[in-house]
Structures are given as C-alpha cells and as structure tokens.
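One structure below.
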Amino acid sequence: MAGEPTAVLPGGVLVALATPIDDHGGLDEPGLDRLIRRVVDAGVVGICPAGSTGEGARLTRPQRRQLVSAVRARIPDGMPVIAGLPVTTLDDARLELVEAGAAGASAALVAAPSYYPASDDDLRRLYTELADAAPVPIVLYNIPVYTSIPIPPEIVAELAGHPNVAGIKDSSRDMEYLEDVVYRTRDQDFRVLTGSDTLLFASLLVGVHATIAASANLVPALGVGIYDAVARGDHDGAKDLQRKLFNVVQACRRGSAPAGWKAALQIEGVCSARMVSPASRLCDELWADLESDLARLL
C-alpha cells in the first residue's frame, strides 16, 4: 500500500455515504444517525458525503452544505469529511469550496464537469485554479462513467505536484489506468484511492492506500477486513473477504445507482430507500430479487 497515511486521506476504508431522504424530500436525520453509527462502529476512517453514492449532483448547494455540517456534527473529532462537489461553473465551485470548509469538510472530492468535452489543458486549468484558491485540499475524482471525461494519468501526475491537491479517487474500474496513476505519483506526496469495491484487494496490491466505497454503507466490516488483512500480509484471508464483498456488490448493482444500495439499507433497517428527486427507488421486481440475495449473503 502506497505511502504513509495522512490526516486528510488516512489509510483504510472511507465510506461513500448514502444520503437518507425523508418523506418530504429533505434530509432524514434519524436515518443519518443510524447510518453514521453503523459505519463508524465498523471501523471506517473517513466519511465522503454528497458524492456519487450520496446523489450529490441531485442535491442543491445548500443541501450539500447542510449534509456536510450534519455529518461533521455526528462523527468523532478528527475524522476526515471529504465533501463531494459536482462542478457546474468555476465560480460556483470556488464558492462551494469555501462553504464546504466552513461546514466542516476536511477536503473536497471534485469530479470534472459532465456536460461539455474537456481537453487536457481544460482539466489542468480547472483543477489548478480551484486548488489555488480552495481553503481545503482538493481530491481529484475520476469517474468517466458519469462525466464521460477521464482524467489522463499524465495530468494527474502534474496536478499531484500542487500542494493543495491531496489525491485522487479512481472509479473507472480500469486496473491499467489505476496502475499508471499509482506508478506516476509514487514518489509524490499524493494519495491514490479506489472507488471500485470489487477491485479493492487487487488495488491494494498494486499500491493504492485507501478506498472510498459505496459498499461501506451496507457491509463496512468487509472492506475494513480486506484492508486489515492486506496490511498484515494475510492475502488468503483478504481473498476470501473480497469474494464475499464481490457478491454483495453484484447484488446491489440493481436499478439506477445508487437505488440498489439504498434499497439494501432499507431492507437492513438503516434508512429509507427514497432517492433524491426526480430519481425513483428500486422497482418491486428488482427489490424482491435483492432481498432474496441479501438474505443469502448477509
């Protein structure tokens, strides 16, 4: 596993937190209480609200600020909060970075804008200008399935030299890309995290030092167990846990993400399966299939 852990991006499992929603479309605070207790008690080392699993791009800027503040108020002192920040305009992103820091964020997870194509120069300029002015560190977010814009490894390596760019979360599920980023940034003060739960064991072996994982909402002990097993050299134990995690992830990849994860959380009695409007919860047929799988797997 690469490098030494840092206060902002510690080694271990950080949760890509789901956003519990109440009957009126607002934040379900009792559900958030239960979810936070669940993940913290299981050993996660950081919380990432308002990312992809948290439906951050469907939330308003005030809702994301409220969520960051609510998370900060519920977790142990010193535990990092990496706030998701979907970029629409540069000015709005600059303002939200300030607001996120004021609400208690330790860093911001910033994906590339998703509407227009972006050149390498565009990406370099976007992240550099945000990092230059941000009151909290920036974490690059490579998730081309949503943005259609991969952040090229050579651009990641350039940005890794910026003192206010702390790392990258890669959710591409592309192991060659991940390896390239790890090798290019190995000698820099920069942390590489995977967002691909099904590749956690393999990612740790090539040098990734942490994960921000959707599965940590539902089965945080599996990811924590994989990380700990690799850290102590127990690769057979890690492989066994990875197989279990793989099966859970496959079961929860039903519907339009993160509908499967939120359905699973309701089935487990943690919080409602309601999605942020206008998205819909998992349909009855897929729900029944998921419930059957979870009864077998959990």
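Each chain in the structure tokens gets a letter, A, B and so on, in the order shown; residues start at 1 in every chain, and ligands are counted from 1 in the order they appear.
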
Sort by chain and increasing residue number a table of all residues of range 162-262 of chain A within 10 Å of range 133-154 of chain A, each with its closest pair of atoms and their distance in Å to one decimal, counting only C-alpha atoms, and write it as JSON lines.
{"residue": "A:His162", "atom": "CA", "partner": "A:Ile138", "partner_atom": "CA", "distance": 9.7}
{"residue": "A:Pro163", "atom": "CA", "partner": "A:Pro137", "partner_atom": "CA", "distance": 8.3}
{"residue": "A:Asn164", "atom": "CA", "partner": "A:Pro137", "partner_atom": "CA", "distance": 4.8}
{"residue": "A:Val165", "atom": "CA", "partner": "A:Ile138", "partner_atom": "CA", "distance": 4.7}
{"residue": "A:Ala166", "atom": "CA", "partner": "A:Val139", "partner_atom": "CA", "distance": 5.6}
{"residue": "A:Gly167", "atom": "CA", "partner": "A:Val139", "partner_atom": "CA", "distance": 4.9}
{"residue": "A:Ile168", "atom": "CA", "partner": "A:Leu140", "partner_atom": "CA", "distance": 4.4}
{"residue": "A:Lys169", "atom": "CA", "partner": "A:Tyr141", "partner_atom": "CA", "distance": 4.9}
{"residue": "A:Asp170", "atom": "CA", "partner": "A:Asn142", "partner_atom": "CA", "distance": 4.8}
{"residue": "A:Ser171", "atom": "CA", "partner": "A:Ile143", "partner_atom": "CA", "distance": 5.0}
{"residue": "A:Ser172", "atom": "CA", "partner": "A:Ile143", "partner_atom": "CA", "distance": 5.5}
{"residue": "A:Arg173", "atom": "CA", "partner": "A:Ile143", "partner_atom": "CA", "distance": 9.0}
{"residue": "A:Tyr177", "atom": "CA", "partner": "A:Pro153", "partner_atom": "CA", "distance": 7.1}
{"residue": "A:Leu178", "atom": "CA", "partner": "A:Pro153", "partner_atom": "CA", "distance": 8.5}
{"residue": "A:Glu179", "atom": "CA", "partner": "A:Pro153", "partner_atom": "CA", "distance": 9.4}
{"residue": "A:Asp180", "atom": "CA", "partner": "A:Pro153", "partner_atom": "CA", "distance": 6.4}
{"residue": "A:Val181", "atom": "CA", "partner": "A:Pro153", "partner_atom": "CA", "distance": 5.2}
{"residue": "A:Val182", "atom": "CA", "partner": "A:Pro153", "partner_atom": "CA", "distance": 9.0}
{"residue": "A:Tyr183", "atom": "CA", "partner": "A:Pro153", "partner_atom": "CA", "distance": 9.6}
{"residue": "A:Arg184", "atom": "CA", "partner": "A:Pro153", "partner_atom": "CA", "distance": 7.5}
{"residue": "A:Thr185", "atom": "CA", "partner": "A:Pro153", "partner_atom": "CA", "distance": 9.1}
{"residue": "A:Phe190", "atom": "CA", "partner": "A:Val139", "partner_atom": "CA", "distance": 9.6}
{"residue": "A:Arg191", "atom": "CA", "partner": "A:Val139", "partner_atom": "CA", "distance": 9.0}
{"residue": "A:Val192", "atom": "CA", "partner": "A:Val139", "partner_atom": "CA", "distance": 9.4}
{"residue": "A:Leu193", "atom": "CA", "partner": "A:Tyr141", "partner_atom": "CA", "distance": 9.6}
{"residue": "A:Thr194", "atom": "CA", "partner": "A:Asn142", "partner_atom": "CA", "distance": 9.7}
{"residue": "A:Gly195", "atom": "CA", "partner": "A:Ile143", "partner_atom": "CA", "distance": 8.9}

Mind listing the helix (DSSP H, G or I) residues of range 117-235 of chain A, per DSSP on the backbone, as a PyMOL selection string?
chain A and resi 120-133+144-147+153-159+175-185+197-206+214-217+220-231+235

Residue neighbourhood Ala70 in chain A, 12 Å, only C-alpha atoms, exclusion window fewer than 6 positions, as a PyMOL selection string
chain A and resi 19-20+27-33+36+47+49-50+63-64+81+83+100+103-105

Report as JSON, numbers by chain: the residues of range 55-131 of chain A with a DSSP assignment of strand (DSSP E), based on the backbone of this structure.
{"A": [82, 83, 84, 85, 86, 107, 108, 109, 110, 111]}

Per residue of range 266-288 of chain A within 8 Å of range 238-258 of chain A, note the shortest atom pair and the distance in Å to one decimal, counting only C-alpha atoms, and order the rows by chain and increasing residue number, as a tab-separated table.
residue	atom	partner	partner_atom	distance
A:Leu282	CA	A:Gly255	CA	5.9
A:Cys283	CA	A:Gly255	CA	7.7
A:Leu286	CA	A:Arg254	CA	6.7

Generate a file of the selected residues that holds N, CA and C atoms, formatted as a short mmCIF file (atom, residue, chain, number, x, y, z; two decimals), in the first residue's frame.
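Written file, part.cif:
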data_model
loop_
_atom_site.label_atom_id
_atom_site.label_comp_id
_atom_site.auth_asym_id
_atom_site.auth_seq_id
_atom_site.Cartn_x
_atom_site.Cartn_y
_atom_site.Cartn_z
N LEU A 282 -35.91 1.54 -6.19
CA LEU A 282 -35.85 0.28 -6.92
C LEU A 282 -37.26 -0.28 -7.13
N CYS A 283 -37.53 -0.80 -8.32
CA CYS A 283 -38.86 -1.34 -8.62
C CYS A 283 -39.09 -2.63 -7.82
N LEU A 286 -37.14 -5.96 -8.89
CA LEU A 286 -35.73 -5.94 -8.53
C LEU A 286 -35.54 -5.95 -7.01
#

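Going from CA of Asp228 in chain A to CA of Glu291 in chain A covers 29.0 Å.
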
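Residue nearest Leu294 in chain A within the list A:Ser272, A:Val71, A:Gly260, A:Asp91: A:Gly260 [criterion: smallest interatomic distance, only C-alpha atoms].
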
Test item: residues at most 9 Å from Arg34 in chain A, only C-alpha atoms, excluding those fewer than 5 positions along its chain, as JSON, numbers by chain
{"A": [29, 39, 270, 271]}

Give me, please, the distance in Å between CA of Gly237 in chain A and CA of Ala213 in chain A, quoted to one decimal.
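CA of Ala213 in chain A lies 19.5 Å from CA of Gly237 in chain A.
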
May I have the residues within 10 Å of Ala221 in chain A as an MDAnalysis selection string, using only C-alpha atoms and disregarding those fewer than 6 positions away in the same chain?
chainID A and resid 13 38:39 41:44 215 227 241 245

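Distances from A:Val219, A:Ala264, A:Met175, A:Val87 to Leu205 in chain A were compared using only C-alpha atoms, and the smallest one belongs to A:Met175.
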